$ cat protein-v3.txt   # compact mmCIF, C-alpha atoms and all ligand atoms
# COMPACT_ATOMS: atom_id res chain seq x y z
CA MET Z 794 -19.55 -20.78 -21.99
CA TYR Z 795 -18.10 -18.24 -19.61
CA PHE Z 796 -18.49 -14.55 -20.45
CA ASP Z 797 -18.12 -13.06 -16.98
CA TYR Z 798 -14.37 -12.42 -16.61
CA CYS Z 799 -15.10 -9.09 -14.89
CA ALA Z 800 -16.74 -10.99 -12.04
CA THR Z 801 -13.86 -13.40 -11.68
CA THR Z 802 -11.40 -15.46 -13.71
CA PRO Z 803 -10.33 -19.12 -13.61
CA VAL Z 804 -7.08 -19.61 -11.69
CA SER Z 805 -4.31 -20.39 -14.16
CA GLU Z 806 -2.50 -23.74 -13.93
CA GLU Z 807 0.86 -22.01 -13.32
CA VAL Z 808 -0.65 -20.09 -10.40
CA ILE Z 809 -2.03 -23.30 -8.86
CA ALA Z 810 1.39 -24.95 -9.26
CA ALA Z 811 3.15 -21.99 -7.63
CA MET Z 812 0.74 -22.06 -4.65
CA GLN Z 813 0.88 -25.82 -4.15
CA PRO Z 814 3.96 -26.15 -1.84
CA PHE Z 815 2.61 -23.56 0.58
CA TRP Z 816 -0.24 -25.73 1.93
CA ARG Z 817 1.65 -28.74 3.31
CA VAL Z 818 5.38 -28.33 2.73
CA ASP Z 819 6.38 -24.67 3.14
CA TYR Z 820 3.47 -23.87 5.45
CA GLY Z 821 5.35 -21.75 7.99
CA ASN Z 822 4.08 -18.49 9.43
CA PRO Z 823 6.15 -15.73 7.76
CA SER Z 824 6.58 -14.02 11.16
CA SER Z 825 8.21 -17.11 12.72
CA LEU Z 826 11.97 -16.95 13.09
CA HIS Z 827 12.69 -20.63 12.37
CA GLN Z 828 13.35 -21.99 8.91
CA TYR Z 829 9.69 -22.73 8.12
CA GLY Z 830 8.88 -19.10 8.77
CA ARG Z 831 11.91 -17.88 6.84
CA ILE Z 832 10.98 -19.88 3.72
CA ALA Z 833 7.42 -18.52 3.80
CA ALA Z 834 8.70 -14.96 4.36
CA GLU Z 835 11.25 -15.17 1.54
CA ASN Z 836 8.67 -16.42 -0.91
CA MET Z 837 6.21 -13.77 0.17
CA GLU Z 838 8.86 -11.11 -0.49
CA HIS Z 839 9.35 -12.56 -3.96
CA ALA Z 840 5.59 -12.18 -4.53
CA ARG Z 841 5.87 -8.56 -3.36
CA ASP Z 842 8.56 -7.98 -6.02
CA GLN Z 843 6.32 -9.54 -8.68
CA VAL Z 844 3.35 -7.32 -7.77
CA ALA Z 845 5.49 -4.18 -7.57
CA ALA Z 846 7.09 -4.90 -10.96
CA LEU Z 847 3.70 -5.10 -12.66
CA ILE Z 848 2.53 -1.66 -11.53
CA GLY Z 849 5.73 0.38 -11.48
CA ALA Z 850 6.10 0.47 -7.70
CA LYS Z 851 8.75 -0.50 -5.18
CA ALA Z 852 8.37 -3.76 -3.26
CA HIS Z 853 8.16 -2.03 0.13
CA GLU Z 854 5.18 -0.02 -1.15
CA ILE Z 855 3.01 -3.16 -1.54
CA ILE Z 856 0.64 -4.03 1.34
CA PHE Z 857 -1.00 -7.43 0.90
CA THR Z 858 -4.72 -7.45 1.71
CA GLY Z 859 -7.63 -9.86 1.52
CA GLY Z 860 -8.71 -8.45 -1.86
CA ALA Z 861 -9.55 -5.11 -3.41
CA THR Z 862 -12.58 -4.32 -1.25
CA GLU Z 863 -10.26 -4.35 1.73
CA ALA Z 864 -7.61 -2.35 -0.15
CA ASN Z 865 -10.18 0.32 -1.11
CA ASN Z 866 -11.47 0.55 2.48
CA LEU Z 867 -7.91 0.85 3.79
CA ALA Z 868 -7.08 3.59 1.29
CA LEU Z 869 -10.13 5.74 1.99
CA LEU Z 870 -10.45 5.24 5.74
CA GLY Z 871 -6.69 5.16 6.34
CA ILE Z 872 -6.18 8.51 4.61
CA LEU Z 873 -9.34 10.34 5.68
CA GLN Z 874 -9.14 9.08 9.28
CA PRO Z 875 -12.80 9.69 10.13
CA TRP Z 876 -11.97 9.43 13.85
CA GLN Z 877 -10.15 12.78 13.66
CA PRO Z 878 -12.43 15.59 14.76
CA GLU Z 879 -11.80 18.09 11.96
CA GLY Z 880 -13.78 17.62 8.74
CA ALA Z 881 -11.99 16.29 5.70
CA HIS Z 882 -13.06 16.24 2.05
CA LEU Z 883 -12.93 13.34 -0.44
CA ILE Z 884 -13.34 13.59 -4.20
CA THR Z 885 -14.51 10.45 -5.98
CA GLY Z 886 -16.58 9.44 -9.02
CA SER Z 887 -20.24 8.49 -9.28
CA THR Z 888 -19.44 5.24 -11.14
CA GLU Z 889 -16.93 3.82 -8.68
CA HIS Z 890 -17.23 0.27 -7.37
CA HIS Z 891 -19.37 -0.08 -4.25
CA SER Z 892 -16.28 -0.83 -2.16
CA VAL Z 893 -15.34 2.82 -2.75
CA LEU Z 894 -18.84 4.34 -2.92
CA HIS Z 895 -20.21 2.68 0.20
CA THR Z 896 -17.04 3.58 2.11
CA ALA Z 897 -17.48 7.20 0.95
CA GLN Z 898 -21.11 7.12 2.12
CA PHE Z 899 -19.98 5.81 5.50
CA LEU Z 900 -17.42 8.65 5.69
CA GLU Z 901 -20.20 11.16 5.00
CA LYS Z 902 -22.24 9.71 7.88
CA VAL Z 903 -19.36 10.32 10.28
CA GLY Z 904 -18.82 13.92 9.22
CA CYS Z 905 -16.56 13.91 6.15
CA GLU Z 906 -17.47 15.88 3.06
CA VAL Z 907 -17.63 13.93 -0.20
CA THR Z 908 -17.91 15.11 -3.81
CA TYR Z 909 -19.20 12.49 -6.26
CA LEU Z 910 -18.14 13.67 -9.71
CA PRO Z 911 -20.53 13.07 -12.61
CA VAL Z 912 -19.49 11.25 -15.78
CA ASP Z 913 -20.35 11.89 -19.42
CA LYS Z 914 -22.35 9.48 -21.62
CA ASP Z 915 -19.26 7.31 -22.11
CA GLY Z 916 -18.62 7.12 -18.36
CA LEU Z 917 -15.67 9.51 -18.42
CA ILE Z 918 -14.77 11.99 -15.69
CA SER Z 919 -13.26 15.25 -16.90
CA PRO Z 920 -9.96 16.16 -15.22
CA GLU Z 921 -11.20 19.79 -15.10
CA SER Z 922 -14.13 18.74 -12.91
CA VAL Z 923 -11.65 17.13 -10.51
CA GLU Z 924 -9.65 20.36 -10.27
CA GLN Z 925 -12.81 22.46 -9.75
CA ALA Z 926 -13.93 20.19 -6.91
CA ILE Z 927 -10.72 20.65 -4.89
CA ARG Z 928 -11.19 22.45 -1.56
CA ALA Z 929 -8.77 23.58 1.13
CA ASN Z 930 -9.62 20.47 3.17
CA THR Z 931 -9.49 17.90 0.32
CA ARG Z 932 -7.46 15.00 1.66
CA LEU Z 933 -7.88 12.38 -1.08
CA ILE Z 934 -8.92 11.98 -4.70
CA SER Z 935 -10.09 8.45 -5.56
CA ILE Z 936 -10.89 7.66 -9.19
CA MET Z 937 -10.92 4.14 -10.64
CA LEU Z 938 -8.72 3.18 -13.58
CA VAL Z 939 -11.26 1.03 -15.49
CA ASN Z 940 -14.98 0.82 -14.84
CA ASN Z 941 -16.16 -2.73 -14.18
CA GLU Z 942 -19.50 -2.34 -15.97
CA LEU Z 943 -18.43 -0.33 -19.02
CA GLY Z 944 -14.69 -0.82 -19.53
CA THR Z 945 -14.24 2.97 -19.61
CA VAL Z 946 -10.63 3.96 -18.84
CA GLN Z 947 -10.52 7.15 -16.78
CA PRO Z 948 -7.89 9.81 -17.58
CA VAL Z 949 -5.93 8.91 -14.46
CA ALA Z 950 -2.59 10.37 -15.59
CA ALA Z 951 -4.21 13.81 -16.08
CA ILE Z 952 -5.99 13.48 -12.72
CA GLY Z 953 -2.73 12.40 -11.06
CA LYS Z 954 -1.02 15.55 -12.36
CA ILE Z 955 -3.76 17.75 -10.93
CA ALA Z 956 -3.68 15.95 -7.58
CA HIS Z 957 0.09 16.42 -7.33
CA ARG Z 958 -0.07 20.06 -8.32
CA HIS Z 959 -2.37 20.56 -5.33
CA GLY Z 960 -0.40 18.25 -3.02
CA ILE Z 961 -3.34 15.84 -2.60
CA PRO Z 962 -2.84 12.04 -2.54
CA PHE Z 963 -4.41 10.21 -5.48
CA HIS Z 964 -5.89 6.71 -5.10
CA SER Z 965 -6.98 4.54 -8.01
CA ASP Z 966 -8.92 1.27 -7.92
CA ALA Z 967 -7.07 -0.48 -10.74
CA VAL Z 968 -8.71 -3.91 -10.33
CA GLN Z 969 -10.14 -4.13 -13.86
CA GLY Z 970 -7.17 -2.49 -15.58
CA ILE Z 971 -3.97 -4.20 -14.48
CA GLY Z 972 -4.63 -7.39 -16.47
CA LEU Z 973 -4.82 -5.65 -19.84
CA LEU Z 974 -3.35 -2.13 -19.62
CA ASP Z 975 0.22 -1.02 -19.09
CA VAL Z 976 -0.07 0.48 -15.61
CA ASP Z 977 2.92 2.57 -14.59
CA SER Z 978 1.59 3.87 -11.28
CA ALA Z 979 4.55 6.21 -10.72
CA GLY Z 980 4.31 7.68 -14.23
CA MET Z 981 0.54 8.12 -13.82
CA GLY Z 982 0.93 9.96 -10.52
CA ILE Z 983 -0.99 7.31 -8.57
CA ASP Z 984 -0.08 7.37 -4.85
CA LEU Z 985 -2.32 4.51 -3.74
CA LEU Z 986 -3.47 1.67 -6.00
CA SER Z 987 -5.83 -1.24 -5.28
CA LEU Z 988 -5.68 -4.55 -7.08
CA SER Z 989 -7.17 -8.03 -6.74
CA ALA Z 990 -5.78 -11.48 -7.62
CA HIS Z 991 -9.01 -13.14 -8.74
CA LYS Z 992 -9.52 -10.76 -11.66
CA ILE Z 993 -6.13 -11.72 -13.14
CA TYR Z 994 -6.27 -15.53 -12.98
CA GLY Z 995 -5.18 -15.70 -9.35
CA PRO Z 996 -7.01 -16.89 -6.22
CA LYS Z 997 -9.95 -15.15 -4.56
CA GLY Z 998 -9.43 -13.32 -1.27
CA ALA Z 999 -6.01 -11.89 -2.10
CA GLY Z 1000 -5.09 -8.42 -3.25
CA ALA Z 1001 -2.89 -5.48 -2.47
CA LEU Z 1002 -2.84 -1.78 -1.77
CA MET Z 1003 0.19 0.03 -3.13
CA VAL Z 1004 1.04 2.96 -0.87
CA ARG Z 1005 3.76 5.30 -2.16
CA SER Z 1006 6.51 5.72 0.48
CA ASP Z 1007 5.83 9.41 1.14
CA ILE Z 1008 2.09 8.91 1.85
CA LYS Z 1009 0.93 8.97 5.47
CA ILE Z 1010 -1.77 6.40 6.07
CA SER Z 1011 -3.24 4.98 9.30
CA ASN Z 1012 -4.17 1.40 10.03
CA ILE Z 1013 -7.86 0.57 10.25
CA PHE Z 1014 -7.34 -2.88 11.80
CA HIS Z 1015 -5.42 -3.42 15.02
CA GLY Z 1016 -3.17 -6.31 15.91
CA GLY Z 1017 0.29 -7.51 14.90
CA SER Z 1018 2.95 -5.71 12.92
CA GLN Z 1019 2.47 -7.52 9.62
CA GLU Z 1020 2.40 -5.48 6.41
CA ASN Z 1021 3.83 -2.34 8.01
CA GLN Z 1022 1.07 -2.62 10.65
CA LEU Z 1023 -1.42 -1.65 7.94
CA ARG Z 1024 -2.87 -5.14 7.57
CA PRO Z 1025 -2.26 -6.99 10.82
CA GLY Z 1026 -2.96 -10.72 10.95
CA THR Z 1027 -1.12 -13.79 9.66
CA GLU Z 1028 -0.70 -13.44 5.92
CA ASN Z 1029 -2.55 -15.76 3.53
CA VAL Z 1030 0.74 -17.08 2.17
CA PRO Z 1031 -0.51 -19.48 -0.55
CA ALA Z 1032 -2.88 -16.81 -1.93
CA ILE Z 1033 -0.15 -14.16 -1.83
CA ILE Z 1034 2.20 -16.49 -3.73
CA GLY Z 1035 -0.65 -16.99 -6.23
CA LEU Z 1036 -1.14 -13.23 -6.56
CA GLY Z 1037 2.57 -12.74 -7.24
CA LYS Z 1038 2.63 -15.45 -9.89
CA ALA Z 1039 -0.55 -14.08 -11.49
CA CYS Z 1040 1.11 -10.64 -11.75
CA GLU Z 1041 4.23 -12.14 -13.33
CA LEU Z 1042 2.05 -13.96 -15.89
CA VAL Z 1043 0.17 -10.74 -16.69
CA SER Z 1044 3.50 -9.08 -17.54
CA MET Z 1045 4.18 -11.93 -19.99
CA HIS Z 1046 0.68 -12.20 -21.53
CA ARG Z 1047 -0.75 -8.68 -21.33
CA GLU Z 1048 -0.04 -7.46 -24.83
CA HIS Z 1049 -1.15 -10.67 -26.48
CA ASP Z 1050 -4.28 -10.95 -24.29
CA SER Z 1051 -5.21 -7.34 -24.89
CA ASN Z 1052 -4.95 -7.57 -28.70
CA LYS Z 1053 -6.73 -10.91 -28.86
CA ILE Z 1054 -9.58 -9.79 -26.61
CA ALA Z 1055 -10.01 -6.48 -28.47
CA GLY Z 1056 -10.32 -8.44 -31.74
CA LEU Z 1057 -12.92 -10.83 -30.26
CA ARG Z 1058 -14.93 -7.94 -28.82
CA LYS Z 1059 -14.96 -6.15 -32.18
CA GLN Z 1060 -16.06 -9.34 -33.93
CA LEU Z 1061 -18.86 -9.92 -31.44
CA ILE Z 1062 -20.19 -6.37 -31.85
CA GLU Z 1063 -20.11 -6.67 -35.67
CA ASN Z 1064 -21.93 -10.01 -35.59
CA LEU Z 1065 -24.60 -8.81 -33.16
CA ARG Z 1066 -25.23 -5.51 -34.98
CA GLN Z 1067 -26.21 -7.45 -38.10
CA HIS Z 1068 -28.98 -9.31 -36.30
CA ILE Z 1069 -30.16 -7.12 -33.45
CA PRO Z 1070 -31.83 -3.88 -34.53
CA GLY Z 1071 -31.10 -0.83 -32.37
CA LEU Z 1072 -28.38 -2.55 -30.32
CA ILE Z 1073 -26.50 0.03 -28.21
CA VAL Z 1074 -22.88 -0.38 -27.10
CA ASN Z 1075 -22.39 1.59 -23.88
CA GLY Z 1076 -19.21 3.26 -22.67
CA ALA Z 1077 -16.16 4.85 -24.17
CA ARG Z 1078 -14.62 3.71 -27.41
CA GLY Z 1079 -11.12 3.38 -28.84
CA ALA Z 1080 -8.26 4.47 -26.64
CA ASP Z 1081 -10.54 5.07 -23.67
CA LEU Z 1082 -11.68 1.47 -23.48
CA CYS Z 1083 -10.37 -1.61 -21.74
CA PRO Z 1084 -11.29 -4.32 -24.23
CA HIS Z 1085 -12.58 -7.12 -22.00
CA VAL Z 1086 -15.87 -5.41 -21.09
CA LEU Z 1087 -18.88 -5.07 -23.36
CA SER Z 1088 -21.99 -3.34 -22.04
CA LEU Z 1089 -24.93 -3.82 -24.41
CA THR Z 1090 -28.42 -2.36 -24.28
CA PHE Z 1091 -31.09 -4.33 -26.14
CA PRO Z 1092 -33.90 -1.76 -26.53
CA GLY Z 1093 -37.30 -3.16 -25.57
CA CYS Z 1094 -35.86 -6.33 -24.00
CA VAL Z 1095 -35.77 -7.48 -20.39
CA ALA Z 1096 -32.14 -8.27 -19.59
CA GLU Z 1097 -33.01 -10.38 -16.57
CA MET Z 1098 -35.12 -12.68 -18.73
CA MET Z 1099 -32.28 -12.82 -21.23
CA GLN Z 1100 -29.84 -13.77 -18.53
CA ILE Z 1101 -32.05 -16.62 -17.31
CA ARG Z 1102 -32.52 -17.96 -20.85
CA LEU Z 1103 -28.79 -17.69 -21.56
CA SER Z 1104 -27.99 -19.45 -18.33
CA ARG Z 1105 -30.24 -22.36 -19.38
CA GLN Z 1106 -28.08 -22.65 -22.50
CA ASP Z 1107 -24.93 -22.66 -20.35
CA VAL Z 1108 -23.98 -19.07 -21.21
CA ALA Z 1109 -22.71 -17.15 -18.17
CA ILE Z 1110 -23.10 -13.38 -18.52
CA SER Z 1111 -24.00 -10.71 -16.02
CA LEU Z 1112 -26.57 -7.94 -15.69
CA GLY Z 1113 -24.06 -5.53 -14.19
CA SER Z 1114 -21.42 -6.16 -11.58
CA ALA Z 1115 -21.58 -9.47 -9.71
CA CYS Z 1116 -21.37 -7.66 -6.36
CA ASN Z 1117 -24.69 -5.90 -7.08
CA SER Z 1118 -26.51 -8.93 -8.45
CA LYS Z 1119 -28.65 -9.21 -5.30
CA GLU Z 1120 -29.81 -5.60 -5.58
CA ILE Z 1121 -33.10 -4.83 -7.28
CA ALA Z 1122 -32.30 -1.19 -8.14
CA PRO Z 1123 -30.91 -0.45 -11.62
CA SER Z 1124 -27.12 -0.13 -11.84
CA HIS Z 1125 -25.78 3.20 -10.53
CA VAL Z 1126 -23.22 3.14 -13.34
CA LEU Z 1127 -25.79 2.84 -16.13
CA LEU Z 1128 -27.95 5.58 -14.61
CA ALA Z 1129 -24.87 7.80 -14.26
CA ILE Z 1130 -24.15 7.62 -18.02
CA GLY Z 1131 -27.71 8.78 -18.67
CA LEU Z 1132 -29.58 5.54 -19.32
CA SER Z 1133 -33.22 5.50 -18.17
CA PRO Z 1134 -34.17 2.81 -15.63
CA GLN Z 1135 -35.89 0.94 -18.51
CA GLU Z 1136 -32.73 1.07 -20.64
CA ALA Z 1137 -30.64 -0.04 -17.67
CA ASP Z 1138 -33.00 -3.01 -17.24
CA ALA Z 1139 -32.38 -3.87 -20.90
CA THR Z 1140 -28.60 -3.98 -20.46
CA LEU Z 1141 -26.22 -6.93 -20.19
CA ARG Z 1142 -22.51 -7.06 -19.42
CA ILE Z 1143 -20.47 -9.52 -21.45
CA SER Z 1144 -16.85 -9.81 -20.37
CA LEU Z 1145 -14.11 -11.67 -22.20
CA GLY Z 1146 -10.81 -13.09 -21.03
CA ARG Z 1147 -7.62 -14.96 -21.75
CA GLU Z 1148 -9.47 -18.22 -22.38
CA THR Z 1149 -12.26 -16.87 -24.60
CA THR Z 1150 -12.14 -18.48 -28.07
CA PRO Z 1151 -13.34 -17.33 -31.52
CA GLN Z 1152 -15.67 -20.38 -31.50
CA GLU Z 1153 -17.32 -19.14 -28.31
CA ILE Z 1154 -17.80 -15.70 -29.90
CA SER Z 1155 -19.47 -17.32 -32.95
CA GLN Z 1156 -21.73 -19.42 -30.73
CA LEU Z 1157 -22.73 -16.43 -28.61
CA SER Z 1158 -23.38 -14.41 -31.79
CA GLU Z 1159 -25.86 -17.07 -32.87
CA ILE Z 1160 -27.58 -17.50 -29.53
CA LEU Z 1161 -27.98 -13.85 -28.47
CA PRO Z 1162 -30.26 -12.54 -31.29
CA ASP Z 1163 -32.79 -15.36 -30.66
CA VAL Z 1164 -32.68 -14.78 -26.91
CA ALA Z 1165 -33.16 -11.03 -27.44
CA SER Z 1166 -36.23 -11.49 -29.63
CA ALA Z 1167 -37.72 -13.99 -27.18
CA CYS Z 1168 -37.29 -11.46 -24.34
CA ARG Z 1169 -38.67 -8.37 -26.12
CA ILE Z 1170 -41.79 -6.95 -24.49
N1 LIG E 1 -13.16 -2.77 -7.59
C1 LIG E 1 -13.60 -3.17 -8.79
C2 LIG E 1 -13.57 -2.23 -9.94
C3 LIG E 1 -14.08 -4.48 -8.96
O1 LIG E 1 -14.51 -4.87 -10.16
C4 LIG E 1 -14.09 -5.35 -7.84
C5 LIG E 1 -14.62 -6.77 -7.97
N2 LIG E 1 -15.95 -6.84 -8.38
C6 LIG E 1 -13.61 -4.87 -6.60
C7 LIG E 1 -13.16 -3.57 -6.52
C8 LIG E 1 -13.61 -5.74 -5.37
O2 LIG E 1 -12.59 -6.70 -5.45
P1 LIG E 1 -12.56 -7.96 -4.46
O3 LIG E 1 -13.54 -8.95 -5.02
O4 LIG E 1 -11.15 -8.45 -4.53
O5 LIG E 1 -12.91 -7.49 -3.11
$ encode --input "protein-v3.txt" --output "structure tokens" --more "lines below"
Ligand code: PMP
Amino acid sequence: MYFDYCATTPVSEEVIAAMQPFWRVDYGNPSSLHQYGRIAAENMEHARDQVAALIGAKAHEIIFTGGATEANNLALLGILQPWQPEGAHLITGSTEHHSVLHTAQFLEKVGCEVTYLPVDKDGLISPESVEQAIRANTRLISIMLVNNELGTVQPVAAIGKIAHRHGIPFHSDAVQGIGLLDVDSAGMGIDLLSLSAHKIYGPKGAGALMVRSDIKISNIFHGGSQENQLRPGTENVPAIIGLGKACELVSMHREHDSNKIAGLRKQLIENLRQHIPGLIVNGARGADLCPHVLSLTFPGCVAEMMQIRLSRQDVAISLGSACNSKEIAPSHVLLAIGLSPQEADATLRISLGRETTPQEISQLSEILPDVASACRI
């Protein structure tokens, strides 16, 4: 049973079918001027339309990348331009994904100033704290839409307003939000937005950075003129076609998926609360929550032991984010919301998706209490 949709999702059949012709039939290089190239280029432009439509952007504002890590790096480094001698300032959050945080730490090493805003116990950043952190040399504000360990939805529209009032570009890592929330990037004041195909039932290694037309950004890779020179290199056409199709399918399924998943999450919490004393649900509730993520602390238990036992019973869940699974330190996100290292070590992330069934929720509800009591120390 798969409960790790935040880490990645299965590629949907329709996406596989859409990608299929681009391996052996329409395999041209989109930069080639002959008909093979033209067919690839035309289809890639269709994918650009599909991505733009999902996030309220214009097609020419979409830069295809090799995933969201690359998009986040391009946004931060391309705007802050650490090779420029004068110091620049970045505002970001303490619970961002490592593809933002580690890039920010690199920027600090090369002379940029960075403010890491704290979050409250639900993982929320206050828009006021963003405004207070603004300096004369602030060049970018980067705050994620949905946290990948908690599901907390940041008040991006309010932050976007503040950024615009001060004339500062606003970037948002929207990877975990675009599959389930209505993301109107223009309405939310987002100038740069990162997304990834493999979190929305598309292929791995494909993503995009939306860059609003009036934003000045530099390339961080050098080479050909693909993607407005911002992402040189021959495009991964099949994966881009898959990303486009995945975005189109999100537009069709989002409302249904979101309601269904919210219902399953609620059911799971109710079931578990009956059998697991002291169970803590981390992160924001209600309107401030993206429903596919469930962060649970099992007081007195060792989450790592729980994960191993669950895995033996074919239950796939995660301790925190998959990208940090090789790190021994407790999750920076859980510490930032005020959990002690012991509580963080007693925390599991369960994430649901389009293919999660009520039967799976019932099965998990039966298995988890036994696993928790076996792993209590
Ligand atoms: N940001 C967030 C919030 C994520 O959850 C992830 C994936 N773990 C990424 C960025 C990185 O995406 P990708 O795997 O496409 O590089």
$ residues_near_ligand --input "protein-v3.txt" --ligand "ligand LIG 1 (chain E)" --cutoff "10 Å" --atoms "all atoms listed in the file" --output "ChimeraX atom specification"
/Z:798-801,858-866,888-893,937-942,944,965-970,987-992,996-1001,1114-1117
$ closest_residue --input "protein-v3.txt" --among "Z:Leu1132, Z:Leu883, Z:Ala834, Z:Ile1143" --to "Ala1109 in chain Z" --atoms "all atoms listed in the file"
Z:Ile1143
$ residues_around --input "protein-v3.txt" --residues "Lys851 in chain Z" --least-positions-apart "5" --cutoff "9 Å" --atoms "only C-alpha atoms" --output "PyMOL selection string"
chain Z and resi 841-842+845-846+1003+1005-1006
$ residues_around --input "protein-v3.txt" --residues "range 1155-1168 of chain Z" --least-positions-apart "4" --cutoff "12 Å" --atoms "only C-alpha atoms" --output "PyMOL selection string"
chain Z and resi 794-796+1057-1072+1089-1110+1138-1141+1143+1145+1149-1151
$ write_last_selection --input "protein-v3.txt" --atoms "C-alpha atoms" --output "compact mmCIF listing (two decimals), keeping the file's coordinate frame"
# COMPACT_ATOMS: atom_id res chain seq x y z
CA MET Z 794 -19.55 -20.78 -21.99
CA TYR Z 795 -18.10 -18.24 -19.61
CA PHE Z 796 -18.49 -14.55 -20.45
CA LEU Z 1057 -12.92 -10.83 -30.26
CA ARG Z 1058 -14.93 -7.94 -28.82
CA LYS Z 1059 -14.96 -6.15 -32.18
CA GLN Z 1060 -16.06 -9.34 -33.93
CA LEU Z 1061 -18.86 -9.92 -31.44
CA ILE Z 1062 -20.19 -6.37 -31.85
CA GLU Z 1063 -20.11 -6.67 -35.67
CA ASN Z 1064 -21.93 -10.01 -35.59
CA LEU Z 1065 -24.60 -8.81 -33.16
CA ARG Z 1066 -25.23 -5.51 -34.98
CA GLN Z 1067 -26.21 -7.45 -38.10
CA HIS Z 1068 -28.98 -9.31 -36.30
CA ILE Z 1069 -30.16 -7.12 -33.45
CA PRO Z 1070 -31.83 -3.88 -34.53
CA GLY Z 1071 -31.10 -0.83 -32.37
CA LEU Z 1072 -28.38 -2.55 -30.32
CA LEU Z 1089 -24.93 -3.82 -24.41
CA THR Z 1090 -28.42 -2.36 -24.28
CA PHE Z 1091 -31.09 -4.33 -26.14
CA PRO Z 1092 -33.90 -1.76 -26.53
CA GLY Z 1093 -37.30 -3.16 -25.57
CA CYS Z 1094 -35.86 -6.33 -24.00
CA VAL Z 1095 -35.77 -7.48 -20.39
CA ALA Z 1096 -32.14 -8.27 -19.59
CA GLU Z 1097 -33.01 -10.38 -16.57
CA MET Z 1098 -35.12 -12.68 -18.73
CA MET Z 1099 -32.28 -12.82 -21.23
CA GLN Z 1100 -29.84 -13.77 -18.53
CA ILE Z 1101 -32.05 -16.62 -17.31
CA ARG Z 1102 -32.52 -17.96 -20.85
CA LEU Z 1103 -28.79 -17.69 -21.56
CA SER Z 1104 -27.99 -19.45 -18.33
CA ARG Z 1105 -30.24 -22.36 -19.38
CA GLN Z 1106 -28.08 -22.65 -22.50
CA ASP Z 1107 -24.93 -22.66 -20.35
CA VAL Z 1108 -23.98 -19.07 -21.21
CA ALA Z 1109 -22.71 -17.15 -18.17
CA ILE Z 1110 -23.10 -13.38 -18.52
CA ASP Z 1138 -33.00 -3.01 -17.24
CA ALA Z 1139 -32.38 -3.87 -20.90
CA THR Z 1140 -28.60 -3.98 -20.46
CA LEU Z 1141 -26.22 -6.93 -20.19
CA ILE Z 1143 -20.47 -9.52 -21.45
CA LEU Z 1145 -14.11 -11.67 -22.20
CA THR Z 1149 -12.26 -16.87 -24.60
CA THR Z 1150 -12.14 -18.48 -28.07
CA PRO Z 1151 -13.34 -17.33 -31.52
$ residues_around --input "protein-v3.txt" --residues "range 1016-1019 of chain Z" --least-positions-apart "3" --cutoff "10 Å" --atoms "only C-alpha atoms" --output "PyMOL selection string"
chain Z and resi 823-824+856-857+1012+1022-1028
$ closest_residue --input "protein-v3.txt" --among "Z:Val844, Z:Ala810, Z:Val818, Z:Ile936" --to "Ile832 in chain Z" --atoms "all atoms listed in the file"
Z:Val818
$ residues_around --input "protein-v3.txt" --residues "Ile809 in chain Z" --least-positions-apart "5" --cutoff "10 Å" --atoms "only C-alpha atoms" --output "mmCIF file with C-alpha atoms, in the frame of the given file"
data_model
loop_
_atom_site.group_PDB
_atom_site.id
_atom_site.type_symbol
_atom_site.label_atom_id
_atom_site.label_comp_id
_atom_site.auth_asym_id
_atom_site.auth_seq_id
_atom_site.Cartn_x
_atom_site.Cartn_y
_atom_site.Cartn_z
ATOM 1 C CA VAL Z 804 -7.080 -19.610 -11.690
ATOM 2 C CA PRO Z 814 3.960 -26.150 -1.840
ATOM 3 C CA TYR Z 994 -6.270 -15.530 -12.980
ATOM 4 C CA GLY Z 995 -5.180 -15.700 -9.350
ATOM 5 C CA PRO Z 996 -7.010 -16.890 -6.220
ATOM 6 C CA PRO Z 1031 -0.510 -19.480 -0.550
ATOM 7 C CA ALA Z 1032 -2.880 -16.810 -1.930
ATOM 8 C CA ILE Z 1034 2.200 -16.490 -3.730
ATOM 9 C CA GLY Z 1035 -0.650 -16.990 -6.230
ATOM 10 C CA LYS Z 1038 2.630 -15.450 -9.890
ATOM 11 C CA ALA Z 1039 -0.550 -14.080 -11.490
#
$ residues_around --input "protein-v3.txt" --residues "Ala1137 in chain Z" --least-positions-apart "3" --cutoff "7 Å" --atoms "only C-alpha atoms" --output "list in words"
Pro1123, Ser1124, Leu1127, Leu1128, Leu1132, Ser1133, Pro1134 and Thr1140 of chain Z
$ residues_near_point --input "protein-v3.txt" --point "(-20.0, 8.3, -2.4)" --cutoff "12 Å" --atoms "all atoms listed in the file" --output "PyMOL selection string"
chain Z and resi 869+882-902+905-911+934-936+1125
$ axis_aligned_box --input "protein-v3.txt" --around "range 1023-1034 of chain Z" --padding-each-side "5 Å" --output "lines of an AutoDock Vina configuration file"
center_x = -0.4
center_y = -10.6
center_z = 3.6
size_x = 15.2
size_y = 27.8
size_z = 24.7
$ atom_distance --input "protein-v3.txt" --atom1 "CA of Arg1078 in chain Z" --atom2 "CA of Glu1153 in chain Z"
23.0 Å
